[in-house]
Amino acid sequence: MSKNCLFWLDMEMTGLDSKQDKILEIATIVTGWDLSIKATYEATIKVSESILKARMKGRFWNKNKKVRDALIAASKKGRDIADVEQELIDFVQKNYTKRTIYLAGNSIHQDRKFLEQEMPKLNKMFHYRLLDVSAYKIYFQEVLGMKLEKPEAHRALDDISGSISEFKQYIGMIQK
């Protein structure tokens with residue numbers, strides 16, 4: 001496998017505050033620079049009932065009740081975050097031959113905050129540079145007036161697949 005692959009990451013969390021909210025679901029897709037899929041991983045994490053009740057309310061979750069309820073149900077059957085972190089560390093070691101591992105995704109800096117808080121050993125494995133699809137989105141919308149829509153399932157594996165597809169479209173436009 002290539003020594004420098006992209007580690008696409010998406011998480012679903014109880015909210016966006018990395019100090020108070022928790023990771024519910026995590027998915028990763030390893031691709032080469034040609035964006036061909038090399039490996040995938042996904043897991044649901046057990047979060048306490050009190051945090052779920054306290055944090056999964058408000059405008060966003062009220063508009064997405066079906067997804068919220070599915071994530072809550074999945075979390076009840078989820079796994080311990082320490083176990084998931086160790087599996088991801090093993091996954092990284094299996095799929096990379098060199099320590100230069102770039103995180104990629106939409107607004108990946110936000111996911112990185114949660115990794116720092118909840119999966120610090122895994123977080124240390126990644127390079128400080130990120131490939132953020134959102135930067136392309138902003139440029140194409142604001143400068144070129146082009147808006148690409150990606151489906152927002154608010155499920156980690158679906159959303160990261162959507163991010164890869166969206167990035168392929170941006171790269172395709174650049175290469176024309």
# chains A, B, ... in the order shown; residues from 1 in each chain; ligands from 1
call {"tool": "select_by_dssp", "arguments": {"residues": "segment 4-153 of chain A", "states": "alpha helix (DSSP H)", "output": "PDB file with N, CA and C atoms, in the first residue's frame"}}
result
ATOM      1  N   GLU A  49     -26.790   7.446  28.783  1.00  0.00           N
ATOM      2  CA  GLU A  49     -28.163   7.927  28.575  1.00  0.00           C
ATOM      3  C   GLU A  49     -28.301   9.395  28.981  1.00  0.00           C
ATOM      4  N   SER A  50     -27.652   9.773  30.066  1.00  0.00           N
ATOM      5  CA  SER A  50     -27.778  11.163  30.539  1.00  0.00           C
ATOM      6  C   SER A  50     -27.175  12.151  29.533  1.00  0.00           C
ATOM      7  N   ILE A  51     -26.056  11.789  28.923  1.00  0.00           N
ATOM      8  CA  ILE A  51     -25.455  12.673  27.909  1.00  0.00           C
ATOM      9  C   ILE A  51     -26.330  12.720  26.665  1.00  0.00           C
ATOM     10  N   LEU A  52     -26.853  11.571  26.254  1.00  0.00           N
ATOM     11  CA  LEU A  52     -27.733  11.544  25.083  1.00  0.00           C
ATOM     12  C   LEU A  52     -28.933  12.462  25.290  1.00  0.00           C
ATOM     13  N   LYS A  53     -29.556  12.366  26.439  1.00  0.00           N
ATOM     14  CA  LYS A  53     -30.738  13.204  26.732  1.00  0.00           C
ATOM     15  C   LYS A  53     -30.377  14.681  26.832  1.00  0.00           C
ATOM     16  N   ALA A  54     -29.267  14.962  27.483  1.00  0.00           N
ATOM     17  CA  ALA A  54     -28.879  16.353  27.698  1.00  0.00           C
ATOM     18  C   ALA A  54     -28.391  17.043  26.423  1.00  0.00           C
ATOM     19  N   ARG A  55     -27.684  16.327  25.582  1.00  0.00           N
ATOM     20  CA  ARG A  55     -27.003  16.956  24.455  1.00  0.00           C
ATOM     21  C   ARG A  55     -27.723  16.836  23.113  1.00  0.00           C
ATOM     22  N   ARG A  59     -32.322  22.680  17.856  1.00  0.00           N
ATOM     23  CA  ARG A  59     -32.838  22.861  16.497  1.00  0.00           C
ATOM     24  C   ARG A  59     -32.374  21.778  15.525  1.00  0.00           C
ATOM     25  N   PHE A  60     -31.062  21.490  15.491  1.00  0.00           N
ATOM     26  CA  PHE A  60     -30.571  20.509  14.530  1.00  0.00           C
ATOM     27  C   PHE A  60     -31.200  19.146  14.746  1.00  0.00           C
ATOM     28  N   TRP A  61     -31.136  18.639  15.983  1.00  0.00           N
ATOM     29  CA  TRP A  61     -31.657  17.303  16.238  1.00  0.00           C
ATOM     30  C   TRP A  61     -33.178  17.254  16.135  1.00  0.00           C
ATOM     31  N   ASN A  62     -33.866  18.347  16.420  1.00  0.00           N
ATOM     32  CA  ASN A  62     -35.326  18.373  16.262  1.00  0.00           C
ATOM     33  C   ASN A  62     -35.731  18.307  14.794  1.00  0.00           C
ATOM     34  N   LYS A  63     -34.883  18.842  13.920  1.00  0.00           N
ATOM     35  CA  LYS A  63     -35.146  18.754  12.474  1.00  0.00           C
ATOM     36  C   LYS A  63     -34.773  17.385  11.914  1.00  0.00           C
ATOM     37  N   LYS A  65     -35.048  14.185  13.534  1.00  0.00           N
ATOM     38  CA  LYS A  65     -35.468  13.247  14.586  1.00  0.00           C
ATOM     39  C   LYS A  65     -35.235  11.785  14.211  1.00  0.00           C
ATOM     40  N   LYS A  66     -35.468  11.435  12.978  1.00  0.00           N
ATOM     41  CA  LYS A  66     -35.299  10.045  12.549  1.00  0.00           C
ATOM     42  C   LYS A  66     -33.840   9.599  12.698  1.00  0.00           C
ATOM     43  N   VAL A  67     -32.926  10.444  12.256  1.00  0.00           N
ATOM     44  CA  VAL A  67     -31.496  10.140  12.380  1.00  0.00           C
ATOM     45  C   VAL A  67     -31.105  10.123  13.851  1.00  0.00           C
ATOM     46  N   ARG A  68     -31.568  11.121  14.606  1.00  0.00           N
ATOM     47  CA  ARG A  68     -31.261  11.181  16.043  1.00  0.00           C
ATOM     48  C   ARG A  68     -31.686   9.906  16.749  1.00  0.00           C
ATOM     49  N   ASP A  69     -32.917   9.476  16.489  1.00  0.00           N
ATOM     50  CA  ASP A  69     -33.428   8.274  17.143  1.00  0.00           C
ATOM     51  C   ASP A  69     -32.639   7.030  16.743  1.00  0.00           C
ATOM     52  N   ALA A  70     -32.232   6.965  15.477  1.00  0.00           N
ATOM     53  CA  ALA A  70     -31.428   5.826  15.012  1.00  0.00           C
ATOM     54  C   ALA A  70     -30.054   5.824  15.671  1.00  0.00           C
ATOM     55  N   LEU A  71     -29.440   6.985  15.811  1.00  0.00           N
ATOM     56  CA  LEU A  71     -28.133   7.074  16.461  1.00  0.00           C
ATOM     57  C   LEU A  71     -28.221   6.731  17.947  1.00  0.00           C
ATOM     58  N   ILE A  72     -29.273   7.180  18.597  1.00  0.00           N
ATOM     59  CA  ILE A  72     -29.460   6.861  20.019  1.00  0.00           C
ATOM     60  C   ILE A  72     -29.629   5.357  20.196  1.00  0.00           C
ATOM     61  N   ALA A  73     -30.458   4.754  19.354  1.00  0.00           N
ATOM     62  CA  ALA A  73     -30.675   3.299  19.434  1.00  0.00           C
ATOM     63  C   ALA A  73     -29.372   2.545  19.172  1.00  0.00           C
ATOM     64  N   ALA A  74     -28.609   2.984  18.180  1.00  0.00           N
ATOM     65  CA  ALA A  74     -27.338   2.323  17.868  1.00  0.00           C
ATOM     66  C   ALA A  74     -26.342   2.492  19.013  1.00  0.00           C
ATOM     67  N   SER A  75     -26.334   3.662  19.630  1.00  0.00           N
ATOM     68  CA  SER A  75     -25.400   3.926  20.727  1.00  0.00           C
ATOM     69  C   SER A  75     -25.673   3.018  21.925  1.00  0.00           C
ATOM     70  N   LYS A  76     -26.916   2.715  22.160  1.00  0.00           N
ATOM     71  CA  LYS A  76     -27.264   1.833  23.283  1.00  0.00           C
ATOM     72  C   LYS A  76     -26.641   0.447  23.115  1.00  0.00           C
ATOM     73  N   ILE A  81     -15.503   3.303  23.913  1.00  0.00           N
ATOM     74  CA  ILE A  81     -14.661   4.142  23.060  1.00  0.00           C
ATOM     75  C   ILE A  81     -13.190   3.714  23.083  1.00  0.00           C
ATOM     76  N   ALA A  82     -12.711   3.223  24.208  1.00  0.00           N
ATOM     77  CA  ALA A  82     -11.312   2.761  24.285  1.00  0.00           C
ATOM     78  C   ALA A  82     -11.080   1.574  23.354  1.00  0.00           C
ATOM     79  N   ASP A  83     -12.056   0.680  23.251  1.00  0.00           N
ATOM     80  CA  ASP A  83     -11.937  -0.465  22.344  1.00  0.00           C
ATOM     81  C   ASP A  83     -11.932  -0.002  20.889  1.00  0.00           C
ATOM     82  N   VAL A  84     -12.802   0.952  20.578  1.00  0.00           N
ATOM     83  CA  VAL A  84     -12.866   1.476  19.214  1.00  0.00           C
ATOM     84  C   VAL A  84     -11.565   2.196  18.866  1.00  0.00           C
ATOM     85  N   GLU A  85     -11.035   2.973  19.798  1.00  0.00           N
ATOM     86  CA  GLU A  85      -9.773   3.656  19.547  1.00  0.00           C
ATOM     87  C   GLU A  85      -8.662   2.643  19.251  1.00  0.00           C
ATOM     88  N   GLN A  86      -8.585   1.571  20.026  1.00  0.00           N
ATOM     89  CA  GLN A  86      -7.538   0.568  19.793  1.00  0.00           C
ATOM     90  C   GLN A  86      -7.727  -0.117  18.437  1.00  0.00           C
ATOM     91  N   GLU A  87      -8.961  -0.415  18.068  1.00  0.00           N
ATOM     92  CA  GLU A  87      -9.211  -1.007  16.745  1.00  0.00           C
ATOM     93  C   GLU A  87      -8.770  -0.064  15.638  1.00  0.00           C
ATOM     94  N   LEU A  88      -9.017   1.227  15.813  1.00  0.00           N
ATOM     95  CA  LEU A  88      -8.607   2.196  14.806  1.00  0.00           C
ATOM     96  C   LEU A  88      -7.090   2.326  14.740  1.00  0.00           C
ATOM     97  N   ILE A  89      -6.423   2.262  15.875  1.00  0.00           N
ATOM     98  CA  ILE A  89      -4.956   2.270  15.879  1.00  0.00           C
ATOM     99  C   ILE A  89      -4.434   1.061  15.112  1.00  0.00           C
ATOM    100  N   ASP A  90      -5.001  -0.101  15.364  1.00  0.00           N
ATOM    101  CA  ASP A  90      -4.618  -1.316  14.638  1.00  0.00           C
ATOM    102  C   ASP A  90      -4.910  -1.173  13.145  1.00  0.00           C
ATOM    103  N   PHE A  91      -6.049  -0.573  12.815  1.00  0.00           N
ATOM    104  CA  PHE A  91      -6.459  -0.337  11.435  1.00  0.00           C
ATOM    105  C   PHE A  91      -5.439   0.561  10.724  1.00  0.00           C
ATOM    106  N   VAL A  92      -5.016   1.638  11.393  1.00  0.00           N
ATOM    107  CA  VAL A  92      -4.022   2.547  10.828  1.00  0.00           C
ATOM    108  C   VAL A  92      -2.711   1.803  10.596  1.00  0.00           C
ATOM    109  N   GLN A  93      -2.256   1.069  11.589  1.00  0.00           N
ATOM    110  CA  GLN A  93      -0.987   0.347  11.463  1.00  0.00           C
ATOM    111  C   GLN A  93      -1.027  -0.685  10.344  1.00  0.00           C
ATOM    112  N   LYS A  94      -2.169  -1.273  10.124  1.00  0.00           N
ATOM    113  CA  LYS A  94      -2.313  -2.271   9.058  1.00  0.00           C
ATOM    114  C   LYS A  94      -2.304  -1.626   7.669  1.00  0.00           C
ATOM    115  N   ASN A  95      -2.841  -0.412   7.560  1.00  0.00           N
ATOM    116  CA  ASN A  95      -3.055   0.198   6.254  1.00  0.00           C
ATOM    117  C   ASN A  95      -2.045   1.261   5.852  1.00  0.00           C
ATOM    118  N   ILE A 108     -13.017  18.761   8.550  1.00  0.00           N
ATOM    119  CA  ILE A 108     -12.281  17.734   9.289  1.00  0.00           C
ATOM    120  C   ILE A 108     -11.641  18.287  10.559  1.00  0.00           C
ATOM    121  N   HIS A 109     -11.410  19.576  10.604  1.00  0.00           N
ATOM    122  CA  HIS A 109     -10.861  20.178  11.832  1.00  0.00           C
ATOM    123  C   HIS A 109     -11.796  19.967  13.021  1.00  0.00           C
ATOM    124  N   GLN A 110     -13.104  19.953  12.760  1.00  0.00           N
ATOM    125  CA  GLN A 110     -14.072  19.740  13.841  1.00  0.00           C
ATOM    126  C   GLN A 110     -13.978  18.306  14.377  1.00  0.00           C
ATOM    127  N   ASP A 111     -13.880  17.343  13.486  1.00  0.00           N
ATOM    128  CA  ASP A 111     -13.714  15.952  13.907  1.00  0.00           C
ATOM    129  C   ASP A 111     -12.400  15.792  14.675  1.00  0.00           C
ATOM    130  N   ARG A 112     -11.384  16.508  14.227  1.00  0.00           N
ATOM    131  CA  ARG A 112     -10.077  16.426  14.889  1.00  0.00           C
ATOM    132  C   ARG A 112     -10.162  16.854  16.346  1.00  0.00           C
ATOM    133  N   LYS A 113     -10.981  17.864  16.646  1.00  0.00           N
ATOM    134  CA  LYS A 113     -11.163  18.306  18.032  1.00  0.00           C
ATOM    135  C   LYS A 113     -11.680  17.164  18.902  1.00  0.00           C
ATOM    136  N   PHE A 114     -12.593  16.373  18.352  1.00  0.00           N
ATOM    137  CA  PHE A 114     -13.144  15.252  19.107  1.00  0.00           C
ATOM    138  C   PHE A 114     -12.115  14.142  19.275  1.00  0.00           C
ATOM    139  N   LEU A 115     -11.300  13.926  18.239  1.00  0.00           N
ATOM    140  CA  LEU A 115     -10.224  12.944  18.381  1.00  0.00           C
ATOM    141  C   LEU A 115      -9.272  13.367  19.494  1.00  0.00           C
ATOM    142  N   GLU A 116      -8.916  14.626  19.533  1.00  0.00           N
ATOM    143  CA  GLU A 116      -8.018  15.127  20.583  1.00  0.00           C
ATOM    144  C   GLU A 116      -8.585  14.845  21.971  1.00  0.00           C
ATOM    145  N   GLN A 117      -9.885  15.015  22.131  1.00  0.00           N
ATOM    146  CA  GLN A 117     -10.536  14.832  23.427  1.00  0.00           C
ATOM    147  C   GLN A 117     -10.756  13.371  23.787  1.00  0.00           C
ATOM    148  N   GLU A 118     -11.244  12.588  22.817  1.00  0.00           N
ATOM    149  CA  GLU A 118     -11.725  11.244  23.143  1.00  0.00           C
ATOM    150  C   GLU A 118     -10.835  10.100  22.662  1.00  0.00           C
ATOM    151  N   PRO A 120      -7.067  10.333  22.071  1.00  0.00           N
ATOM    152  CA  PRO A 120      -5.779  11.036  21.948  1.00  0.00           C
ATOM    153  C   PRO A 120      -4.646  10.194  21.366  1.00  0.00           C
ATOM    154  N   LYS A 121      -4.618   8.896  21.640  1.00  0.00           N
ATOM    155  CA  LYS A 121      -3.541   8.050  21.075  1.00  0.00           C
ATOM    156  C   LYS A 121      -3.689   7.956  19.560  1.00  0.00           C
ATOM    157  N   LEU A 122      -4.903   7.783  19.092  1.00  0.00           N
ATOM    158  CA  LEU A 122      -5.162   7.750  17.649  1.00  0.00           C
ATOM    159  C   LEU A 122      -4.819   9.100  17.027  1.00  0.00           C
ATOM    160  N   ASN A 123      -5.252  10.167  17.647  1.00  0.00           N
ATOM    161  CA  ASN A 123      -5.014  11.509  17.126  1.00  0.00           C
ATOM    162  C   ASN A 123      -3.534  11.780  16.890  1.00  0.00           C
ATOM    163  N   VAL A 133     -12.261  19.152   2.502  1.00  0.00           N
ATOM    164  CA  VAL A 133     -13.106  19.340   1.323  1.00  0.00           C
ATOM    165  C   VAL A 133     -13.889  20.641   1.428  1.00  0.00           C
ATOM    166  N   SER A 134     -14.173  21.074   2.630  1.00  0.00           N
ATOM    167  CA  SER A 134     -14.923  22.318   2.837  1.00  0.00           C
ATOM    168  C   SER A 134     -14.204  23.524   2.243  1.00  0.00           C
ATOM    169  N   ALA A 135     -12.883  23.508   2.237  1.00  0.00           N
ATOM    170  CA  ALA A 135     -12.126  24.614   1.637  1.00  0.00           C
ATOM    171  C   ALA A 135     -12.421  24.713   0.140  1.00  0.00           C
ATOM    172  N   TYR A 136     -12.479  23.579  -0.523  1.00  0.00           N
ATOM    173  CA  TYR A 136     -12.839  23.561  -1.942  1.00  0.00           C
ATOM    174  C   TYR A 136     -14.262  24.058  -2.135  1.00  0.00           C
ATOM    175  N   LYS A 137     -15.161  23.588  -1.272  1.00  0.00           N
ATOM    176  CA  LYS A 137     -16.568  23.979  -1.351  1.00  0.00           C
ATOM    177  C   LYS A 137     -16.703  25.500  -1.268  1.00  0.00           C
ATOM    178  N   ILE A 138     -16.011  26.116  -0.311  1.00  0.00           N
ATOM    179  CA  ILE A 138     -16.086  27.563  -0.139  1.00  0.00           C
ATOM    180  C   ILE A 138     -15.567  28.277  -1.380  1.00  0.00           C
ATOM    181  N   TYR A 139     -14.422  27.852  -1.884  1.00  0.00           N
ATOM    182  CA  TYR A 139     -13.845  28.499  -3.063  1.00  0.00           C
ATOM    183  C   TYR A 139     -14.770  28.386  -4.277  1.00  0.00           C
ATOM    184  N   PHE A 140     -15.238  27.176  -4.533  1.00  0.00           N
ATOM    185  CA  PHE A 140     -16.082  26.978  -5.709  1.00  0.00           C
ATOM    186  C   PHE A 140     -17.396  27.757  -5.598  1.00  0.00           C
ATOM    187  N   GLN A 141     -17.959  27.867  -4.409  1.00  0.00           N
ATOM    188  CA  GLN A 141     -19.207  28.616  -4.225  1.00  0.00           C
ATOM    189  C   GLN A 141     -18.978  30.120  -4.300  1.00  0.00           C
ATOM    190  N   GLU A 142     -18.015  30.604  -3.522  1.00  0.00           N
ATOM    191  CA  GLU A 142     -17.837  32.046  -3.378  1.00  0.00           C
ATOM    192  C   GLU A 142     -17.129  32.693  -4.559  1.00  0.00           C
TER     193      GLU A 142
END
call {"tool": "closest_residue", "arguments": {"among": "A:Asp158, A:Ile23, A:Lys124, A:Ile174", "to": "Tyr41 of chain A", "atoms": "only C-alpha atoms"}}
result
A:Asp158
call {"tool": "residues_around", "arguments": {"residues": "Leu103 of chain A", "least_positions_apart": "3", "cutoff": "8 Å", "atoms": "only C-alpha atoms", "output": "JSON, numbers by chain"}}
result
{"A": [6, 7, 8, 9, 108, 126, 127, 129, 130, 131]}
call {"tool": "atom_distance", "arguments": {"atom1": "atom CA of Lys19 of chain A", "atom2": "atom CA of Thr44 of chain A"}}
result
19.5 Å
call {"tool": "closest_residue", "arguments": {"among": "A:Asp132, A:Ile26, A:Gly172, A:Asp34", "to": "Glu12 of chain A", "atoms": "only C-alpha atoms"}}
result
A:Ile26
call {"tool": "closest_residue", "arguments": {"among": "A:Met13, A:Ala104, A:Met125, A:Leu157", "to": "Thr40 of chain A", "atoms": "only C-alpha atoms"}}
result
A:Leu157
call {"tool": "atom_distance", "arguments": {"atom1": "atom CA of Ile164 of chain A", "atom2": "atom CA of Tyr102 of chain A"}}
result
14.0 Å
call {"tool": "residues_around", "arguments": {"residues": "Lys46 of chain A", "least_positions_apart": "6", "cutoff": "7 Å", "atoms": "only C-alpha atoms", "output": "ChimeraX atom specification"}}
result
/A:24,75-80
call {"tool": "write_last_selection", "arguments": {"atoms": "N, CA and C atoms", "output": "PDB file, in the first residue's frame"}}
result
ATOM      1  N   LEU A  24     -20.615   9.488  18.749  1.00  0.00           N
ATOM      2  CA  LEU A  24     -21.596   8.399  18.701  1.00  0.00           C
ATOM      3  C   LEU A  24     -21.217   7.340  17.670  1.00  0.00           C
ATOM      4  N   SER A  75     -26.334   3.662  19.630  1.00  0.00           N
ATOM      5  CA  SER A  75     -25.400   3.926  20.727  1.00  0.00           C
ATOM      6  C   SER A  75     -25.673   3.018  21.925  1.00  0.00           C
ATOM      7  N   LYS A  76     -26.916   2.715  22.160  1.00  0.00           N
ATOM      8  CA  LYS A  76     -27.264   1.833  23.283  1.00  0.00           C
ATOM      9  C   LYS A  76     -26.641   0.447  23.115  1.00  0.00           C
ATOM     10  N   LYS A  77     -26.420   0.048  21.854  1.00  0.00           N
ATOM     11  CA  LYS A  77     -25.786  -1.239  21.554  1.00  0.00           C
ATOM     12  C   LYS A  77     -24.312  -1.046  21.191  1.00  0.00           C
ATOM     13  N   GLY A  78     -23.827   0.192  21.332  1.00  0.00           N
ATOM     14  CA  GLY A  78     -22.484   0.538  20.911  1.00  0.00           C
ATOM     15  C   GLY A  78     -21.402  -0.063  21.787  1.00  0.00           C
ATOM     16  N   ARG A  79     -20.171   0.266  21.418  1.00  0.00           N
ATOM     17  CA  ARG A  79     -19.004  -0.304  22.088  1.00  0.00           C
ATOM     18  C   ARG A  79     -18.262   0.770  22.863  1.00  0.00           C
ATOM     19  N   ASP A  80     -17.418   0.349  23.756  1.00  0.00           N
ATOM     20  CA  ASP A  80     -16.610   1.249  24.562  1.00  0.00           C
ATOM     21  C   ASP A  80     -15.645   2.015  23.661  1.00  0.00           C
TER      22      ASP A  80
END
call {"tool": "atom_distance", "arguments": {"atom1": "atom CA of Ala39 of chain A", "atom2": "atom CA of Ile101 of chain A"}}
result
14.2 Å
call {"tool": "select_by_dssp", "arguments": {"residues": "segment 11-170 of chain A", "states": "strand (DSSP E)", "output": "PyMOL selection string"}}
result
chain A and resi 11-13+23-31+37-44+102-105+130-132
call {"tool": "write_last_selection", "arguments": {"atoms": "N, CA and C atoms", "output": "PDB file, in the first residue's frame"}}
result
ATOM      1  N   MET A  11     -17.497  11.606  11.702  1.00  0.00           N
ATOM      2  CA  MET A  11     -18.087  11.181  12.961  1.00  0.00           C
ATOM      3  C   MET A  11     -19.449  11.825  13.121  1.00  0.00           C
ATOM      4  N   GLU A  12     -20.297  11.131  13.799  1.00  0.00           N
ATOM      5  CA  GLU A  12     -21.549  11.709  14.263  1.00  0.00           C
ATOM      6  C   GLU A  12     -21.397  11.864  15.766  1.00  0.00           C
ATOM      7  N   MET A  13     -21.748  13.043  16.247  1.00  0.00           N
ATOM      8  CA  MET A  13     -21.583  13.345  17.656  1.00  0.00           C
ATOM      9  C   MET A  13     -22.919  13.812  18.241  1.00  0.00           C
ATOM     10  N   ILE A  23     -18.628  11.436  20.836  1.00  0.00           N
ATOM     11  CA  ILE A  23     -18.686  10.721  19.561  1.00  0.00           C
ATOM     12  C   ILE A  23     -19.687   9.573  19.702  1.00  0.00           C
ATOM     13  N   LEU A  24     -20.615   9.488  18.749  1.00  0.00           N
ATOM     14  CA  LEU A  24     -21.596   8.399  18.701  1.00  0.00           C
ATOM     15  C   LEU A  24     -21.217   7.340  17.670  1.00  0.00           C
ATOM     16  N   GLU A  25     -20.686   7.805  16.560  1.00  0.00           N
ATOM     17  CA  GLU A  25     -20.410   6.919  15.429  1.00  0.00           C
ATOM     18  C   GLU A  25     -19.183   7.442  14.708  1.00  0.00           C
ATOM     19  N   ILE A  26     -18.354   6.532  14.240  1.00  0.00           N
ATOM     20  CA  ILE A  26     -17.140   6.920  13.518  1.00  0.00           C
ATOM     21  C   ILE A  26     -16.964   5.998  12.318  1.00  0.00           C
ATOM     22  N   ALA A  27     -16.541   6.590  11.209  1.00  0.00           N
ATOM     23  CA  ALA A  27     -16.257   5.791  10.010  1.00  0.00           C
ATOM     24  C   ALA A  27     -15.021   6.349   9.333  1.00  0.00           C
ATOM     25  N   THR A  28     -14.252   5.462   8.756  1.00  0.00           N
ATOM     26  CA  THR A  28     -13.066   5.853   8.016  1.00  0.00           C
ATOM     27  C   THR A  28     -13.009   5.081   6.708  1.00  0.00           C
ATOM     28  N   ILE A  29     -12.452   5.737   5.724  1.00  0.00           N
ATOM     29  CA  ILE A  29     -12.168   5.097   4.440  1.00  0.00           C
ATOM     30  C   ILE A  29     -10.747   5.490   4.078  1.00  0.00           C
ATOM     31  N   VAL A  30      -9.920   4.514   3.806  1.00  0.00           N
ATOM     32  CA  VAL A  30      -8.555   4.752   3.351  1.00  0.00           C
ATOM     33  C   VAL A  30      -8.575   4.749   1.831  1.00  0.00           C
ATOM     34  N   THR A  31      -8.032   5.820   1.244  1.00  0.00           N
ATOM     35  CA  THR A  31      -7.917   5.860  -0.218  1.00  0.00           C
ATOM     36  C   THR A  31      -6.492   6.203  -0.596  1.00  0.00           C
ATOM     37  N   ILE A  37     -10.715   3.229  -3.111  1.00  0.00           N
ATOM     38  CA  ILE A  37     -10.877   2.755  -1.741  1.00  0.00           C
ATOM     39  C   ILE A  37      -9.979   1.557  -1.483  1.00  0.00           C
ATOM     40  N   LYS A  38      -9.212   1.651  -0.403  1.00  0.00           N
ATOM     41  CA  LYS A  38      -8.301   0.574   0.012  1.00  0.00           C
ATOM     42  C   LYS A  38      -8.856  -0.206   1.207  1.00  0.00           C
ATOM     43  N   ALA A  39      -9.545   0.488   2.121  1.00  0.00           N
ATOM     44  CA  ALA A  39     -10.073  -0.171   3.315  1.00  0.00           C
ATOM     45  C   ALA A  39     -11.122   0.738   3.962  1.00  0.00           C
ATOM     46  N   THR A  40     -12.029   0.122   4.717  1.00  0.00           N
ATOM     47  CA  THR A  40     -13.041   0.892   5.445  1.00  0.00           C
ATOM     48  C   THR A  40     -13.174   0.362   6.871  1.00  0.00           C
ATOM     49  N   TYR A  41     -13.693   1.220   7.727  1.00  0.00           N
ATOM     50  CA  TYR A  41     -13.943   0.849   9.123  1.00  0.00           C
ATOM     51  C   TYR A  41     -15.106   1.702   9.613  1.00  0.00           C
ATOM     52  N   GLU A  42     -15.964   1.113  10.425  1.00  0.00           N
ATOM     53  CA  GLU A  42     -17.014   1.895  11.078  1.00  0.00           C
ATOM     54  C   GLU A  42     -17.379   1.252  12.406  1.00  0.00           C
ATOM     55  N   ALA A  43     -17.797   2.096  13.347  1.00  0.00           N
ATOM     56  CA  ALA A  43     -18.192   1.609  14.669  1.00  0.00           C
ATOM     57  C   ALA A  43     -19.156   2.598  15.303  1.00  0.00           C
ATOM     58  N   THR A  44     -19.987   2.062  16.170  1.00  0.00           N
ATOM     59  CA  THR A  44     -20.882   2.872  16.988  1.00  0.00           C
ATOM     60  C   THR A  44     -20.381   2.802  18.423  1.00  0.00           C
ATOM     61  N   TYR A 102      -2.572  11.652   6.427  1.00  0.00           N
ATOM     62  CA  TYR A 102      -3.356  12.876   6.328  1.00  0.00           C
ATOM     63  C   TYR A 102      -4.836  12.582   6.566  1.00  0.00           C
ATOM     64  N   LEU A 103      -5.428  13.292   7.522  1.00  0.00           N
ATOM     65  CA  LEU A 103      -6.872  13.221   7.714  1.00  0.00           C
ATOM     66  C   LEU A 103      -7.546  13.997   6.601  1.00  0.00           C
ATOM     67  N   ALA A 104      -8.660  13.469   6.120  1.00  0.00           N
ATOM     68  CA  ALA A 104      -9.404  14.124   5.057  1.00  0.00           C
ATOM     69  C   ALA A 104     -10.892  14.034   5.352  1.00  0.00           C
ATOM     70  N   GLY A 105     -11.626  15.032   4.901  1.00  0.00           N
ATOM     71  CA  GLY A 105     -13.075  15.038   5.078  1.00  0.00           C
ATOM     72  C   GLY A 105     -13.620  16.445   4.999  1.00  0.00           C
ATOM     73  N   LEU A 130      -4.241  18.836   7.124  1.00  0.00           N
ATOM     74  CA  LEU A 130      -5.518  18.175   6.838  1.00  0.00           C
ATOM     75  C   LEU A 130      -5.922  18.454   5.396  1.00  0.00           C
ATOM     76  N   LEU A 131      -6.651  17.525   4.799  1.00  0.00           N
ATOM     77  CA  LEU A 131      -7.262  17.777   3.497  1.00  0.00           C
ATOM     78  C   LEU A 131      -8.745  18.020   3.778  1.00  0.00           C
ATOM     79  N   ASP A 132      -9.136  19.294   3.717  1.00  0.00           N
ATOM     80  CA  ASP A 132     -10.498  19.670   4.072  1.00  0.00           C
ATOM     81  C   ASP A 132     -11.296  19.994   2.812  1.00  0.00           C
TER      82      ASP A 132
END
call {"tool": "residues_around", "arguments": {"residues": "Lys150 of chain A", "least_positions_apart": "6", "cutoff": "8 Å", "atoms": "only C-alpha atoms", "output": "VMD selection string"}}
result
chain A and resid 162 to 163 166
call {"tool": "write_last_selection", "arguments": {"atoms": "N, CA and C atoms", "output": "short mmCIF file (atom, residue, chain, number, x, y, z; two decimals), in the first residue's frame"}}
result
data_model
loop_
_atom_site.label_atom_id
_atom_site.label_comp_id
_atom_site.auth_asym_id
_atom_site.auth_seq_id
_atom_site.Cartn_x
_atom_site.Cartn_y
_atom_site.Cartn_z
N GLY A 162 -19.86 10.40 0.75
CA GLY A 162 -20.30 11.61 0.07
C GLY A 162 -19.19 12.65 -0.05
N SER A 163 -18.37 12.76 0.97
CA SER A 163 -17.25 13.71 0.93
C SER A 163 -16.23 13.32 -0.14
N GLU A 166 -17.78 14.16 -3.47
CA GLU A 166 -17.75 15.61 -3.67
C GLU A 166 -16.33 16.07 -4.06
#
